[in-house]
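> Input structure: input_19.cif, which contains mmCIF, C-alpha atoms.
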data_structure
#
loop_
_atom_site.label_atom_id
_atom_site.label_comp_id
_atom_site.auth_asym_id
_atom_site.auth_seq_id
_atom_site.Cartn_x
_atom_site.Cartn_y
_atom_site.Cartn_z
CA MET A 252 66.49 2.42 74.41
CA LYS A 253 66.00 5.66 72.47
CA THR A 254 63.38 3.98 70.28
CA ASN A 255 61.45 2.91 73.36
CA ASN A 256 61.53 6.49 74.67
CA ILE A 257 60.12 7.79 71.38
CA PHE A 258 57.21 5.33 71.45
CA GLU A 259 56.63 6.06 75.13
CA LYS A 260 56.38 9.80 74.39
CA LEU A 261 54.01 9.12 71.50
CA SER A 262 51.72 7.00 73.67
CA GLN A 263 51.67 9.60 76.45
CA ASN A 264 51.12 12.63 74.21
CA PRO A 265 47.93 12.38 72.06
CA PHE A 266 48.98 15.39 69.95
CA LEU A 267 52.34 13.83 69.07
CA LYS A 268 50.69 10.50 68.35
CA GLN A 269 48.12 12.15 66.09
CA SER A 270 50.77 14.21 64.25
CA PHE A 271 52.97 11.14 63.75
CA THR A 272 50.05 9.03 62.46
CA THR A 273 48.94 11.84 60.12
CA LEU A 274 52.49 12.14 58.77
CA LEU A 275 52.67 8.39 58.15
CA LEU A 276 49.33 8.42 56.30
CA ARG A 277 50.46 11.33 54.14
CA ILE A 278 53.75 9.63 53.31
CA PHE A 279 51.87 6.43 52.48
CA GLY A 280 49.51 8.47 50.27
CA VAL A 281 52.46 9.99 48.37
CA LEU A 282 54.03 6.54 47.90
CA LEU A 283 50.69 5.14 46.73
CA LEU A 284 50.29 7.97 44.21
CA PHE A 285 53.90 7.50 43.10
CA GLY A 286 53.35 3.76 42.59
CA PHE A 287 50.11 4.32 40.70
CA THR A 288 51.77 6.94 38.46
CA LEU A 289 54.49 4.41 37.70
CA PHE A 290 51.91 1.76 36.76
CA LEU A 291 49.98 4.27 34.65
CA THR A 292 52.98 5.49 32.65
CA LYS A 293 54.24 1.93 32.11
CA SER A 294 50.88 0.46 31.12
CA TYR A 295 49.02 3.30 29.37
CA SER A 296 49.97 5.40 26.36
CA PRO A 297 51.19 8.98 27.05
CA LYS A 298 48.10 10.25 25.20
CA LEU A 299 45.70 8.54 27.65
CA VAL A 300 47.80 9.61 30.63
CA GLY A 301 47.68 13.17 29.32
CA GLN A 302 43.88 13.02 29.01
CA TYR A 303 43.67 11.81 32.62
CA ASP A 304 45.93 14.62 33.87
CA PHE A 305 43.91 17.17 31.89
CA ALA A 306 40.64 15.91 33.44
CA ARG A 307 42.25 15.92 36.87
CA SER A 308 43.43 19.54 36.50
CA PHE A 309 39.99 20.61 35.31
CA LEU A 310 38.31 18.92 38.29
CA LEU A 311 40.74 20.46 40.80
CA ALA A 312 40.43 23.99 39.40
CA ILE A 313 36.68 24.18 38.71
CA GLY A 314 35.84 21.96 41.67
CA SER A 315 37.59 24.37 44.05
CA ILE A 316 35.45 27.21 42.65
CA CYS A 317 32.19 25.23 42.96
CA LEU A 318 33.01 24.29 46.57
CA LEU A 319 33.13 28.01 47.49
CA GLY A 320 35.55 27.25 50.32
CA PHE A 321 33.09 25.02 52.23
CA ASP A 322 35.76 22.35 52.72
CA GLN A 323 37.80 24.88 54.71
CA SER A 324 35.08 26.99 56.36
CA ILE A 325 33.37 23.94 57.88
CA LEU A 326 36.23 23.85 60.41
CA TYR A 327 35.58 27.51 61.26
CA PHE A 328 31.89 26.78 61.91
CA LYS A 329 32.81 23.72 63.94
CA GLY A 330 35.07 25.79 66.20
CA LYS A 331 32.40 28.46 66.68
CA LEU A 332 29.63 25.96 67.42
CA ALA A 333 31.78 23.84 69.73
CA SER A 334 32.57 26.89 71.86
CA LYS A 335 28.79 27.39 72.34
CA ASN A 336 28.04 23.68 72.83
CA ALA A 337 25.86 23.71 69.72
CA LEU A 338 27.70 21.22 67.51
CA GLU A 339 24.43 19.67 66.29
CA GLU A 340 23.92 22.84 64.19
CA LEU A 341 26.72 21.52 61.97
CA LYS A 342 24.09 19.28 60.33
CA ILE A 343 22.08 22.31 59.17
CA ILE A 344 25.18 24.12 57.92
CA TYR A 345 26.30 20.98 56.07
CA THR A 346 22.88 20.68 54.40
CA LYS A 347 23.06 24.30 53.24
CA MET A 348 26.58 23.80 51.90
CA VAL A 349 25.47 20.72 49.93
CA ALA A 350 22.54 22.70 48.46
CA MET A 351 24.82 25.57 47.35
CA LEU A 352 27.40 23.11 46.01
CA PHE A 353 24.66 21.46 43.93
CA VAL A 354 23.64 24.84 42.46
CA THR A 355 27.22 25.87 41.56
CA SER A 356 27.92 22.43 40.05
CA ILE A 357 24.77 22.61 37.91
CA ILE A 358 25.73 26.12 36.74
CA ALA A 359 29.21 24.88 35.74
CA LEU A 360 27.67 21.92 33.89
CA LEU A 361 25.21 24.17 32.06
CA ILE A 362 27.99 26.57 31.01
CA ILE A 363 29.99 23.70 29.49
CA ALA A 364 26.85 22.23 27.87
CA ILE A 365 25.80 25.57 26.36
CA ILE A 366 29.18 26.29 24.77
CA SER A 367 29.40 24.80 21.30
CA ARG A 368 31.29 21.51 21.02
CA ASP A 369 33.15 22.87 17.98
CA ILE A 370 34.28 26.03 19.80
CA ILE A 371 35.88 24.03 22.64
CA ASN A 372 37.38 21.33 20.43
CA ASN A 373 38.76 23.87 17.94
CA TYR A 374 40.23 25.99 20.76
CA PHE A 375 42.22 23.00 22.04
CA SER A 376 42.71 21.53 18.55
CA ASP A 377 41.43 18.20 19.86
CA GLN A 378 38.08 16.56 19.05
CA GLU A 379 37.93 14.76 22.42
CA VAL A 380 38.26 17.75 24.76
CA TYR A 381 34.56 18.70 24.84
CA SER A 382 33.60 15.18 25.89
CA ILE A 383 36.21 15.20 28.69
CA LEU A 384 35.09 18.62 29.97
CA LEU A 385 31.41 17.66 29.86
CA LYS A 386 32.05 14.46 31.81
CA GLY A 387 34.24 16.39 34.25
CA ALA A 388 31.52 18.99 34.77
CA ALA A 389 28.98 16.21 35.42
CA ALA A 390 31.29 14.82 38.13
CA LEU A 391 31.85 18.19 39.88
CA PHE A 392 29.05 17.72 42.43
CA PHE A 393 30.27 14.25 43.41
CA TYR A 394 33.88 15.47 43.64
CA GLY A 395 32.71 18.37 45.84
CA ILE A 396 30.68 16.07 48.12
CA ALA A 397 33.59 13.65 48.58
CA THR A 398 35.94 16.57 49.40
CA LEU A 399 33.47 18.28 51.77
CA ASN A 400 32.65 15.01 53.55
CA THR A 401 36.34 14.37 54.21
CA GLU A 402 36.53 17.72 56.02
CA ILE A 403 33.30 16.95 57.89
CA PHE A 404 35.09 13.92 59.33
CA ARG A 405 37.83 16.24 60.54
CA ALA A 406 35.26 18.67 61.99
CA LEU A 407 33.65 15.78 63.90
CA ASP A 408 37.07 14.80 65.29
CA LYS A 409 37.27 11.65 63.16
CA LEU A 410 40.80 12.64 62.22
CA TYR A 411 42.14 9.23 61.24
CA VAL A 412 39.09 8.54 59.05
CA ALA A 413 39.60 11.94 57.38
CA GLU A 414 43.28 11.28 56.71
CA LEU A 415 42.55 7.77 55.41
CA PHE A 416 40.06 9.11 52.87
CA ARG A 417 42.24 12.09 51.96
CA ASN A 418 45.51 10.21 51.48
CA VAL A 419 44.63 6.59 50.71
CA ILE A 420 41.02 5.60 50.03
CA LYS A 421 40.41 8.32 47.41
CA TYR A 422 42.95 6.60 45.13
CA ILE A 423 41.54 3.07 45.51
CA PRO A 424 38.65 3.24 42.97
CA LEU A 425 40.98 4.71 40.32
CA ILE A 426 43.75 2.20 40.99
CA ILE A 427 41.42 -0.81 40.89
CA GLY A 428 39.56 0.58 37.87
CA SER A 429 42.74 1.27 35.88
CA VAL A 430 44.07 -2.23 36.59
CA VAL A 431 40.76 -3.78 35.44
CA LEU A 432 40.76 -1.64 32.27
CA PHE A 433 44.32 -2.70 31.49
CA TYR A 434 43.48 -6.37 32.04
CA PHE A 435 40.49 -6.20 29.66
CA HIS A 436 42.29 -3.92 27.16
CA GLU A 437 39.80 -1.07 27.61
CA GLU A 438 42.33 1.64 28.52
CA THR A 439 40.40 4.36 26.65
CA TYR A 440 37.91 4.51 29.55
CA LEU A 441 40.55 5.75 32.01
CA VAL A 442 39.01 9.24 32.36
CA ASP A 443 35.55 7.71 32.89
CA VAL A 444 36.88 5.48 35.68
CA PHE A 445 38.68 8.42 37.27
CA LEU A 446 35.53 10.56 37.32
CA GLY A 447 33.27 7.64 38.27
CA GLY A 448 35.47 7.01 41.31
CA PHE A 449 34.22 10.26 42.84
CA VAL A 450 30.60 9.11 42.46
CA LEU A 451 31.47 6.03 44.51
CA LEU A 452 33.50 8.05 47.05
CA SER A 453 30.67 10.57 47.47
CA ILE A 454 28.20 7.76 48.29
CA ILE A 455 30.54 6.02 50.76
CA THR A 456 31.55 9.22 52.57
CA THR A 457 27.94 10.44 52.73
CA VAL A 458 26.91 7.19 54.45
CA TYR A 459 29.66 7.77 57.03
CA VAL A 460 28.58 11.40 57.50
CA PHE A 461 24.99 10.38 58.26
CA ILE A 462 26.20 7.71 60.70
CA TYR A 463 28.36 10.24 62.56
CA PHE A 464 25.63 12.90 62.51
CA ARG A 465 23.13 10.49 64.06
CA LYS A 466 25.39 10.22 67.09
CA LEU A 467 25.19 13.97 67.73
CA THR A 468 22.75 14.95 70.45
CA VAL A 469 20.16 17.37 69.11
CA ILE A 470 19.31 20.23 71.43
CA LYS A 471 17.60 23.52 70.67
CA SER A 472 20.18 26.19 69.89
CA ALA A 473 20.04 29.92 69.32
CA GLU A 474 22.57 29.58 66.48
CA ASN A 475 21.01 29.69 63.02
CA PHE A 476 23.31 30.51 60.12
CA SER A 477 21.56 31.65 56.95
CA TYR A 478 22.65 30.70 53.43
CA LYS A 479 24.08 34.20 53.08
CA GLU A 480 26.15 33.89 56.28
CA VAL A 481 27.50 30.48 55.28
CA PHE A 482 28.46 31.84 51.85
CA LEU A 483 30.06 35.06 53.16
CA LYS A 484 32.10 33.18 55.78
CA SER A 485 33.21 30.54 53.30
CA TYR A 486 34.07 32.30 50.05
CA PRO A 487 36.90 34.55 51.37
CA ILE A 488 38.55 31.50 52.95
CA ALA A 489 38.40 29.78 49.58
CA ILE A 490 40.46 32.38 47.75
CA SER A 491 43.85 31.00 48.79
CA GLY A 492 42.81 27.42 48.02
CA MET A 493 41.36 28.33 44.64
CA ALA A 494 44.48 30.33 43.78
CA MET A 495 46.70 27.34 44.56
CA PHE A 496 44.59 25.00 42.42
CA LEU A 497 44.60 27.48 39.53
CA LEU A 498 48.39 27.78 39.79
CA MET A 499 48.58 24.00 39.37
CA SER A 500 46.13 23.98 36.45
CA PHE A 501 47.01 26.79 34.04
CA ASP A 502 50.16 25.07 32.78
CA ILE A 503 48.26 21.84 32.04
CA MET A 504 45.44 23.70 30.27
CA PHE A 505 47.82 25.69 28.05
CA LEU A 506 50.01 22.66 27.31
CA LYS A 507 46.86 20.87 26.22
CA LYS A 508 45.93 23.75 23.92
CA TYR A 509 49.33 24.50 22.39
CA ARG A 510 50.92 21.04 22.47
CA ASN A 511 49.18 17.65 22.96
CA ASP A 512 48.17 14.97 25.48
CA GLU A 513 51.61 13.37 25.38
CA THR A 514 53.28 16.64 26.41
CA VAL A 515 50.77 17.01 29.26
CA ALA A 516 51.65 13.48 30.43
CA PHE A 517 55.43 14.08 30.31
CA TYR A 518 55.19 17.39 32.17
CA SER A 519 52.73 16.07 34.77
CA VAL A 520 55.10 13.29 35.81
CA GLY A 521 57.75 15.90 36.58
CA VAL A 522 55.24 17.88 38.65
CA LYS A 523 54.23 14.78 40.62
CA ILE A 524 57.85 13.99 41.48
CA MET A 525 58.25 17.60 42.60
CA THR A 526 55.36 17.09 45.04
CA ILE A 527 57.58 14.78 47.08
CA VAL A 528 59.67 17.84 47.99
CA SER A 529 56.48 19.83 48.56
CA VAL A 530 55.25 17.24 51.06
CA ILE A 531 58.48 17.65 53.05
CA ILE A 532 58.00 21.43 53.19
CA LEU A 533 54.30 21.12 54.05
CA THR A 534 54.90 18.59 56.82
CA ILE A 535 57.56 20.73 58.51
CA ASN A 536 55.43 23.86 58.19
CA ILE A 537 52.45 22.09 59.78
CA THR A 538 54.68 21.04 62.68
CA PHE A 539 55.88 24.61 63.30
CA SER A 540 52.66 26.51 62.47
CA ALA A 541 51.03 26.26 65.93
CA LYS A 542 54.20 27.52 67.65
CA ILE A 543 54.49 30.44 65.20
CA ALA A 544 50.95 31.51 66.12
CA GLU A 545 51.62 31.02 69.84
CA TYR A 546 54.86 33.04 69.98
CA PHE A 547 53.42 35.81 67.78
CA SER A 548 50.31 36.12 69.95
CA SER A 549 52.38 36.24 73.15
CA HIS A 550 54.78 38.82 71.58
CA ASN A 551 57.71 36.47 72.24
CA LYS A 552 59.83 37.72 69.36
CA VAL A 553 63.01 35.98 70.49
CA GLU A 554 61.43 32.52 70.37
CA LEU A 555 59.54 33.44 67.21
CA ILE A 556 62.75 34.34 65.38
CA LYS A 557 64.41 31.20 66.69
CA ILE A 558 61.64 28.86 65.51
CA LEU A 559 61.48 30.54 62.09
CA ARG A 560 65.24 30.20 61.71
CA ASN A 561 65.07 26.53 62.73
CA SER A 562 62.16 25.97 60.35
CA SER A 563 63.95 27.44 57.32
CA ARG A 564 67.16 25.55 58.13
CA LEU A 565 65.34 22.26 58.62
CA ILE A 566 63.33 22.66 55.41
CA PHE A 567 66.39 23.57 53.36
CA GLY A 568 68.59 20.99 55.10
CA ILE A 569 66.22 18.15 54.22
CA THR A 570 65.12 19.27 50.75
CA PHE A 571 68.56 20.32 49.43
CA PRO A 572 70.12 16.81 49.43
CA VAL A 573 66.91 15.35 47.95
CA ILE A 574 66.92 17.93 45.17
CA VAL A 575 70.62 17.45 44.42
CA ILE A 576 70.20 13.67 44.15
CA ILE A 577 67.08 13.91 41.99
CA SER A 578 68.74 16.53 39.75
CA ILE A 579 71.87 14.43 39.21
CA PHE A 580 69.83 11.35 38.35
CA SER A 581 66.98 13.22 36.66
CA GLU A 582 67.22 11.29 33.41
CA TYR A 583 67.19 7.95 35.22
CA VAL A 584 64.27 9.05 37.46
CA LEU A 585 62.16 10.08 34.46
CA SER A 586 63.07 7.02 32.38
CA PHE A 587 61.82 4.94 35.31
CA PHE A 588 58.31 5.91 34.14
CA GLY A 589 59.08 5.10 30.51
CA HIS A 590 61.77 6.12 28.04
CA GLN A 591 59.47 8.74 26.43
CA TYR A 592 59.26 10.70 29.69
CA VAL A 593 62.90 11.75 29.44
CA ALA A 594 61.56 14.42 27.07
CA ALA A 595 60.56 16.38 30.19
CA LYS A 596 64.12 16.47 31.59
CA GLU A 597 64.83 20.20 31.08
CA ALA A 598 61.40 21.25 32.41
CA PHE A 599 61.75 18.84 35.32
CA LEU A 600 65.16 20.26 36.29
CA ILE A 601 63.73 23.79 36.25
CA LEU A 602 60.83 22.68 38.47
CA ILE A 603 62.92 20.77 41.00
CA ILE A 604 65.72 23.35 41.27
CA GLY A 605 63.14 26.12 41.52
CA GLN A 606 61.46 24.25 44.35
CA GLY A 607 64.84 24.06 46.07
CA ILE A 608 65.33 27.83 45.83
CA CYS A 609 61.81 28.46 47.19
CA SER A 610 62.48 26.10 50.11
CA ALA A 611 65.05 28.63 51.36
CA PHE A 612 62.12 30.92 52.22
CA GLY A 613 61.09 28.51 54.97
CA SER A 614 57.68 29.24 56.47
CA ALA A 615 56.92 32.56 54.75
CA PRO A 616 53.34 31.78 53.59
CA VAL A 617 52.54 29.93 56.84
CA TYR A 618 53.79 32.89 58.88
CA LEU A 619 51.29 35.24 57.21
CA ASN A 620 48.41 32.83 57.78
CA MET A 621 49.38 32.18 61.41
CA THR A 622 49.77 35.86 62.33
CA GLY A 623 46.39 37.17 61.16
CA ARG A 624 47.59 38.35 57.74
CA GLN A 625 45.51 35.85 55.72
CA HIS A 626 44.06 38.66 53.61
CA VAL A 627 47.58 39.84 52.74
CA PHE A 628 48.53 36.35 51.57
CA GLN A 629 45.29 36.14 49.58
CA ILE A 630 46.14 39.34 47.70
CA ILE A 631 49.66 38.03 47.02
CA LEU A 632 48.21 34.78 45.64
CA ILE A 633 45.67 36.57 43.44
CA VAL A 634 48.46 38.65 41.89
CA THR A 635 50.51 35.45 41.53
CA VAL A 636 47.66 33.72 39.69
CA ILE A 637 47.45 36.63 37.23
CA LEU A 638 51.23 36.52 36.75
CA ASN A 639 51.17 32.74 36.28
CA PHE A 640 48.35 32.92 33.72
CA THR A 641 50.18 35.62 31.75
CA LEU A 642 53.51 33.79 31.76
CA ASN A 643 51.92 30.50 30.72
CA ARG A 644 49.98 32.20 27.95
CA PHE A 645 53.09 33.70 26.36
CA LEU A 646 55.80 31.14 27.24
CA ILE A 647 54.07 27.83 26.49
CA PRO A 648 53.26 28.52 22.80
CA GLU A 649 56.96 29.27 22.23
CA TYR A 650 58.78 26.97 24.67
CA GLY A 651 56.30 24.22 25.60
CA MET A 652 57.12 22.32 28.79
CA ILE A 653 60.13 24.54 29.53
CA GLY A 654 57.89 27.61 29.33
CA ALA A 655 55.38 25.98 31.71
CA ALA A 656 58.15 25.16 34.19
CA ILE A 657 59.57 28.71 34.03
CA ALA A 658 56.07 30.14 34.60
CA PHE A 659 55.46 27.92 37.65
CA VAL A 660 58.86 28.55 39.25
CA SER A 661 58.69 32.31 38.57
CA SER A 662 55.25 32.47 40.18
CA SER A 663 56.39 30.46 43.22
CA PHE A 664 59.47 32.64 43.63
CA PHE A 665 57.31 35.77 43.33
CA TRP A 666 54.87 34.88 46.10
CA ASN A 667 57.68 33.70 48.41
CA ILE A 668 59.88 36.78 47.96
CA VAL A 669 56.94 39.20 48.26
CA SER A 670 55.82 37.41 51.45
CA ALA A 671 59.35 37.62 52.85
CA ILE A 672 59.60 41.36 52.06
CA ILE A 673 56.23 42.10 53.67
CA ILE A 674 57.14 40.09 56.78
CA TYR A 675 60.44 41.97 57.13
CA LYS A 676 58.80 45.38 56.64
CA LYS A 677 56.01 44.68 59.14
CA ASP A 678 57.85 42.71 61.84
CA ARG A 679 61.57 43.16 61.06
CA ILE A 680 61.95 39.39 60.85
CA LYS A 681 64.14 37.69 58.24
CA ILE A 682 62.20 34.66 57.05
CA PHE A 683 64.79 33.73 54.41
CA LEU A 684 67.44 31.12 55.21
CA HIS A 685 70.29 32.73 57.17
#
Let me see whether you can do it: turn the structure in this file into structure tokens.

Amino acid sequence: MKTNNIFEKLSQNPFLKQSFTTLLLRIFGVLLLFGFTLFLTKSYSPKLVGQYDFARSFLLAIGSICLLGFDQSILYFKGKLASKNALEELKIIYTKMVAMLFVTSIIALLIIAIISRDIINNYFSDQEVYSILLKGAAALFFYGIATLNTEIFRALDKLYVAELFRNVIKYIPLIIGSVVLFYFHEETYLVDVFLGGFVLLSIITTVYVFIYFRKLTVIKSAENFSYKEVFLKSYPIAISGMAMFLLMSFDIMFLKKYRNDETVAFYSVGVKIMTIVSVIILTINITFSAKIAEYFSSHNKVELIKILRNSSRLIFGITFPVIVIISIFSEYVLSFFGHQYVAAKEAFLILIIGQGICSAFGSAPVYLNMTGRQHVFQIILIVTVILNFTLNRFLIPEYGMIGAAIAFVSSSFFWNIVSAIIIYKKDRIKIFLH
């Protein structure tokens, strides 16, 4: 009977139905990534897995810079144009974003191409790094297009299509390609297949974008955003996203330089398992974010405090048992990917326990973004990036994976506690679990 009531509510409330479907797609995406990681670590050598993770970190970090925040600002422009019934102008803005993305991608490629092969290879003490970076730089435009197109789907209210590409379809070319490589014993081309997948994704998503754009009615509008306006509205929004990508990339880059591909592979598996806990926190924060904004705007402090308290308790209540179980069986969990991956046990425990401590801060970052303090959070993240870079630079050469884990957890704890202090000083609200 209760189950029937749940499905009845979902069918009657489009927002609940959409949120539930989105959550299911994200969970499926995490499980798909988890399954693929398991296949990869079981079938490929740690060296090749490490090269893949290095290329992936490079693409995430540099790709976020080349995108200039377009993947986030497109939703801002959509909201502004929709309010003026001028949604067809989104086509022009999209075209300008693609042009600027092409320029930034070419600049990044030229920078890598100009730098001497020996300088890069000697810096990382690996003769294959230059080739990986050059291929990664060549794929930046296609990665950016695939990412931007996914957000265009969202802007055009094709939410399920956007979530499918974001959480499921983007992994398909890599999964199929890696299986084919393994079957034909050509595993050394893993990075090439990974990067080539974005070429395919960019073509497929662009076809969909043109199909959806053709359905928009074109009417003459007074709105005409220049390249400068598009850039100035986009780049500040990108700061938080770029900071997060850099935080997830510095440790991999320094482990590559001061250790080797195998170490990168071992550490990356621990990070990917940690993302399961991150998904729980993100999902709960997304659920509560709209209400936080609503109660703050209406000056309903009583309800605001209540929902923040419930948020922190729910996040901690769900993540704590998961973290305890994973910590107790950490060696078994890591060995599931291959006996060599147990080498990351100490670093993994630091990461997972650190994530548990940070979960006690509940919705601290979300609160700042939902209450008009985005610029405050951006400053906090910029300082965090500098701190993370410094810690990685000095800890990894001495302590390897453990140093990388300490740097990541310290940085996460820093931005959470600073956010909590600022929130308490400004609004007298305790965001920490209590």
> Can you tell me how far atom CA of A:Val530 sits from atom CA of A:Pro297, in Å to one decimal?
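Value for the atom CA of A:Val530-atom CA of A:Pro297 distance: 25.7 Å.
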> Let me make sure I understand: among A:Thr355, A:Asn561, A:Asn418, A:Thr456, which one has the smallest atom-to-atom distance to A:Leu399 if we use only C-alpha atoms?
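Among the listed residues, the smallest separation from A:Leu399 belongs to A:Thr456.
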> Applying 10 Å and all atoms listed in the file, which residues near A:Leu638 remain after dropping the ones on its own chain fewer than 6 positions away? List them as a list of chain:residue names.
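Neighbouring residues, sequence-local ones excluded: A:Leu498, A:Leu632, A:Arg644, A:Ala658, A:Phe659, A:Ser661, A:Ser662, A:Phe665.
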> Any idea what the distance is between atom CA of A:Arg465 and atom CA of A:Glu339?
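Separation between atom CA of A:Arg465 and atom CA of A:Glu339: 9.5 Å.
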> Please indicate the distance in Å from atom CA of A:Ile426 to atom CA of A:Ile316, rounded to one decimal place.
26.4 Å
